[in-house]
Amino acid sequence: VKPMQQHMQAAVACARAVGPLFDAMTTGDAAGIATARREIDRLENEADRIKNEIRSHLPRRLFMAFERRDLLEILDFQDSIADTAQDIAELAELRTMRIPDPLREPLLSLVQRSVAACEQAERIIGHLDELVETGFRGREVGRVEEMIGELSRIETETDTLEEQPGTAPFFGWRVSGWVATLANYAERVGNRLRLLIAD
């Protein structure tokens with residue numbers, strides 16, 4: 001469980017690094033965009049390293065409260081957060097993107113809420129060891145379910161922000177859609193855990 005938590009921390013670090021990337025994009029700072037992309041690449045490589053270690057050392061049978069495939073599915077959703085952040089950074093540098101002034105506030109708000117969703121998912125995964133210890137029963141389950149509910153609310157906010165008329169010109173560059181996808185993958189982490197609790 002601990003390596004899963006470490007991987008989630010690495011994935012969310014990738015998502016957080018999208019903030020500085022967008023800060024550089026507000027001024028069309030090519031050097032700043034390149035620096036942010038290198039940092040996201042570094043963080044994504046670290047997430048990949050942890051992911052590969054988990055996959056190679058995960059036993060075929062787990063004597064735990066959930067199946068091996070459940071763990072791998074959550075791992076894939078976590079990894080998709082890191083991969084999406086890297087895709088955003090690659091596209092931003094490739095096109096040396098500059099965010100037009102009218103789009104600055106809505107897009108930065110979208111980034112902020114998408115990162116908040118990822119951070120909420122990280123907090124939820126931080127409780128995974130306690131859920132396992134209690135056999136997915138008791139007070140801890142209620143606490144985690146509340147956190148998953150909050151994650152769903154944050155993700156809904158990102159959907160609303162993504163659909164603002166002001167972000168439409170960026171759909172051609174796919175950037176706003178990918179930023180919202182960070183929150184979607186975060187919600188999938190929470191929803192997968194909710195299914196485990198229900199089982």
# chains A, B, ... in the order shown; residues from 1 in each chain; ligands from 1
call {"tool": "closest_atom_pairs", "arguments": {"of": "segment 19-95 of chain A", "to": "segment 115-125 of chain A", "cutoff": "10 Å", "atoms": "only C-alpha atoms", "output": "JSON lines"}}
result
{"residue": "A:Gly19", "atom": "CA", "partner": "A:Val115", "partner_atom": "CA", "distance": 8.3}
{"residue": "A:Ile74", "atom": "CA", "partner": "A:Ile125", "partner_atom": "CA", "distance": 9.6}
{"residue": "A:Gln78", "atom": "CA", "partner": "A:Ala121", "partner_atom": "CA", "distance": 9.0}
{"residue": "A:Ile81", "atom": "CA", "partner": "A:Cys118", "partner_atom": "CA", "distance": 7.9}
call {"tool": "residues_around", "arguments": {"residues": "segment 35-52 of chain A", "least_positions_apart": "3", "cutoff": "8 Å", "atoms": "only C-alpha atoms", "output": "list in words"}}
result
Pro3, Gln6, His7, Met8, Ala10, Ala11, Ala13, Cys14, Ala17, Val18, Pro20, Leu21, Ala31, Gly32, Arg55, Ser56, Leu75, Asp79, Ala82, Asp83, Ala85, Gln86, Ala89, Glu90 and Glu93 of chain A
call {"tool": "residues_around", "arguments": {"residues": "Arg143 of chain A", "least_positions_apart": "2", "cutoff": "12 Å", "atoms": "only C-alpha atoms", "output": "ChimeraX atom specification"}}
result
/A:123-124,127-128,130-131,136-141,145-150,194,197
call {"tool": "select_by_dssp", "arguments": {"residues": "segment 60-149 of chain A", "states": "alpha helix (DSSP H)", "output": "PyMOL selection string"}}
result
chain A and resi 68-94+101-125+128-133+139-149
call {"tool": "closest_residue", "arguments": {"among": "A:Leu196, A:Leu103, A:Met97, A:Ile154", "to": "Ala24 of chain A", "atoms": "only C-alpha atoms"}}
result
A:Met97
call {"tool": "closest_residue", "arguments": {"among": "A:Val111, A:Leu91, A:Leu193, A:Ala30", "to": "Gly126 of chain A", "atoms": "only C-alpha atoms"}}
result
A:Leu193
